[in-house]
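So the structure is just underneath, and the comments pick up after that.
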Amino acid sequence: MKKYLIAGLVIEFDYRYDQYFKNNIENYIYEGSREVDHTITVKYALELQKPTSKLHRIFSKSVSGLKAYMNYDENYRNIEIWIDEDTFTDAATAEYVYTGMIFLELAQRHGLLPLHGSAINYKGDVILFAAPSGTGKSTHARMWKHLFKDDVSWVNDDKPLLDVTSEGIFVYGAPFSGQYSSNTNDKKPLKAIVFLQQGITDNVQKLNEKEALKHLMTNTLRPTEEALWDQALNHFEQIIKEIPIYLLDASLSTSAVKSIKKAIYNE
């Protein structure tokens with residue numbers, strides 16, 4: 001089982017399918033001596049038995065029985081994800097979805113904030129484009145790459161992680177970014193958050209605190225526990241104070257890129 005350093009966490013991770021991880025997760029391989037924070041093991045069975053562990057969570061079931069669940073111990077140090085592969089038409093995607101879901105929850109428990117968005121590195125600054133699926137955030141990020149070439153690189157194209165600290169707010173890449181998405185094992189300072197809505201005007205609006213909070217809450221991974229919600233709300237408060245947050249009425253043209261770049265950099 002290999003070890004990976006992802007967003008500051010040492011994860012021992014064993015998976016079966018390469019579809020989402022090959023030429024991706026290798027960038028995160030860790031060969032240092034730090035203690036492992038969490039172990040995630042994916043196991044398969046032709047028919048899942050009811051979990052006997054007191055600490056378990058059922059992910060999915062059908063009329064014929066269980067499809068997927070996990071066992072875990074105190075502090076989620078060791079996690080087993082069990083999948084009945086015969087009940088899924090695409091077991092590789094099921095594996096990716098469940099392992100990604102658990103990793104993001106672990107990241108929350110370590111004080112990180114997952115946002116649903118596409119994050120790019122522009123000249124050392126992270127610009128994060130956030131929106132529901134299908135809105136065009138990945139397309140908009142690719143237009144930045146098209147226009148500004150080597151000045152732009154990917155941080156994470158689906159699930160970037162924000163590290164909200166007293167020294168500033170930073171963004172991590174992670175290997176949970178989809179089959180065809182891009183990410184890098186990197187940590188860069190956050191410059192701006194841009195919420196996208198499909199439009200034609202390319203109008204840019206700087207959001208007030210109330211509107212910014214609404215969009216942040218809509219586009220973050222919803223915590224499962226009250227303490228994690230309190231933590232997220234504290235993060236939101238600091239982000240709103242320190243980071244400009246915009247709403248872009250984005251067309252599918254490079255003029256949208258030019259409009260938001262002007263707003264962010266005043267150039």
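In the structure tokens, the first chain shown is A, the next is B, and so on; residue numbers restart at 1 for each chain, and ligands run from 1 in the order shown.
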Open item on the list: Would you pick out the contacts of A:His116 at 7 Å or less, using only C-alpha atoms, so that residues sharing its chain but fewer than 5 positions from it are not included, and give the list as an MDAnalysis selection string?
Closed with: chainID A and resid 130:131 158:159 219:220
For those residues, write C-alpha atoms to a file as a PDB file, in the first residue's frame.
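Output (again_27.pdb):
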```pdb
ATOM      1  CA  ALA A 130     -16.908  28.241  -8.491  1.00  0.00           C
ATOM      2  CA  ALA A 131     -20.330  27.228  -9.772  1.00  0.00           C
ATOM      3  CA  ASP A 158     -12.988  20.092  -9.573  1.00  0.00           C
ATOM      4  CA  LYS A 159     -12.432  19.989  -5.791  1.00  0.00           C
ATOM      5  CA  ASN A 219     -20.733  25.656  -3.335  1.00  0.00           C
ATOM      6  CA  THR A 220     -18.955  24.040  -0.402  1.00  0.00           C
TER       7      THR A 220
END
```
Task: A:Ile40 surroundings by only C-alpha atoms, 10 Å radius, close-in-sequence under 4 positions cut, as a list of chain:residue names - done: A:Met1, A:Ile11, A:Glu12, A:Phe13, A:Asp14, A:Tyr15, A:Met70, A:Tyr72, A:Tyr76, A:Arg77, A:Asn78, A:Ile79, A:Glu80, A:Ile81, A:Thr99, A:Ile102, A:Phe103
TODO: Pick out the residues sitting within 10 Å of A:Ala91, and hand them over as a ChimeraX atom specification; count only C-alpha atoms, and ignore anything fewer than 5 positions along from it in its own chain.
DONE: /A:16-17,44,83-86,96-97
I need the chosen residues saved as an mmCIF file, in the first residue's frame, with N, CA, C and O atoms.
```cif
data_model
loop_
_atom_site.group_PDB
_atom_site.id
_atom_site.type_symbol
_atom_site.label_atom_id
_atom_site.label_comp_id
_atom_site.auth_asym_id
_atom_site.auth_seq_id
_atom_site.Cartn_x
_atom_site.Cartn_y
_atom_site.Cartn_z
ATOM 1 N N ARG A 16 -8.186 -0.109 -6.598
ATOM 2 C CA ARG A 16 -8.064 -1.132 -7.635
ATOM 3 C C ARG A 16 -7.930 -0.536 -9.034
ATOM 4 O O ARG A 16 -7.099 -0.973 -9.820
ATOM 5 N N TYR A 17 -8.759 0.459 -9.368
ATOM 6 C CA TYR A 17 -8.887 0.902 -10.751
ATOM 7 C C TYR A 17 -8.018 2.136 -11.040
ATOM 8 O O TYR A 17 -7.952 3.063 -10.239
ATOM 9 N N TYR A 44 -13.575 -5.322 -2.329
ATOM 10 C CA TYR A 44 -14.701 -5.716 -3.173
ATOM 11 C C TYR A 44 -15.205 -7.098 -2.776
ATOM 12 O O TYR A 44 -14.437 -7.958 -2.322
ATOM 13 N N ILE A 83 -17.340 -2.445 -1.541
ATOM 14 C CA ILE A 83 -18.169 -2.227 -2.723
ATOM 15 C C ILE A 83 -18.565 -3.578 -3.320
ATOM 16 O O ILE A 83 -17.703 -4.447 -3.540
ATOM 17 N N ASP A 84 -19.845 -3.746 -3.582
ATOM 18 C CA ASP A 84 -20.328 -4.897 -4.351
ATOM 19 C C ASP A 84 -20.269 -4.495 -5.818
ATOM 20 O O ASP A 84 -21.147 -3.802 -6.335
ATOM 21 N N GLU A 85 -19.196 -4.913 -6.493
ATOM 22 C CA GLU A 85 -18.956 -4.405 -7.857
ATOM 23 C C GLU A 85 -19.999 -4.885 -8.855
ATOM 24 O O GLU A 85 -20.218 -4.234 -9.892
ATOM 25 N N ASP A 86 -20.682 -5.979 -8.576
ATOM 26 C CA ASP A 86 -21.694 -6.466 -9.516
ATOM 27 C C ASP A 86 -22.930 -5.574 -9.538
ATOM 28 O O ASP A 86 -23.729 -5.636 -10.479
ATOM 29 N N TYR A 96 -13.991 5.794 -7.224
ATOM 30 C CA TYR A 96 -13.516 7.184 -7.208
ATOM 31 C C TYR A 96 -14.447 8.080 -6.397
ATOM 32 O O TYR A 96 -13.992 8.905 -5.593
ATOM 33 N N VAL A 97 -15.753 7.926 -6.572
ATOM 34 C CA VAL A 97 -16.717 8.774 -5.873
ATOM 35 C C VAL A 97 -16.630 8.560 -4.371
ATOM 36 O O VAL A 97 -16.558 9.523 -3.580
#
```
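Distances here use only C-alpha atoms; by that measure, the residue among A:Asp125, A:Asp157, A:Asp37, A:Glu237 closest to A:Tyr4 is A:Asp37.
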Can you build me a table of stretch 11-49 of chain A residues sitting at most 10 Å from stretch 173-197 of chain A, with the closest atom pair per residue and its distance in Å to one decimal, using only C-alpha atoms, sorted by chain and residue number, as a Markdown table?
```
| residue | atom | partner | partner_atom | distance |
| --- | --- | --- | --- | --- |
| A:Asp18 | CA | A:Gln179 | CA | 9.8 |
| A:Gln19 | CA | A:Gln179 | CA | 6.8 |
| A:Tyr20 | CA | A:Gln179 | CA | 4.7 |
| A:Phe21 | CA | A:Pro175 | CA | 7.1 |
| A:Lys22 | CA | A:Gln179 | CA | 9.4 |
| A:Asn23 | CA | A:Pro175 | CA | 9.8 |
| A:Asn24 | CA | A:Pro175 | CA | 6.0 |
| A:Ile25 | CA | A:Pro175 | CA | 5.4 |
| A:Glu26 | CA | A:Pro175 | CA | 8.9 |
| A:Asn27 | CA | A:Asn185 | CA | 6.3 |
| A:Tyr28 | CA | A:Asn185 | CA | 6.3 |
| A:Ile29 | CA | A:Asn185 | CA | 9.9 |
```
- [ ] Return the single residue from A:Tyr69, A:Tyr30, A:Tyr122, A:Phe88 that is closest to A:Lys149, with distances computed using only C-alpha atoms.
- [x] A:Tyr122
Task: Nearest to A:Trp229, chosen from A:Ser253, A:Thr139, A:Gln108, A:Asn121, with only C-alpha atoms counted in the distances - done: A:Gln108
Open item on the list: Please report the interatomic distance between atom CA of A:Gly136 and atom CA of A:Val155 in Å with one decimal.
Closed with: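 Between these atoms lies a distance of 17.0 Å.
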TODO: Name the residues of stretch 27-248 of chain A that fall into alpha helix (DSSP H) according to DSSP on the backbone, using the chain letters and numbers of this document, as a count of residues only.
DONE: 59
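Checking A:Asn203, A:Lys123, A:Ile245, A:Leu228 one by one against A:Leu216, counting only C-alpha atoms, you find the shortest gap at A:Ile245.
Our summary of the geometry notes that atom CA of A:Lys262 is positioned 19.0 Å from atom CA of A:Glu242.
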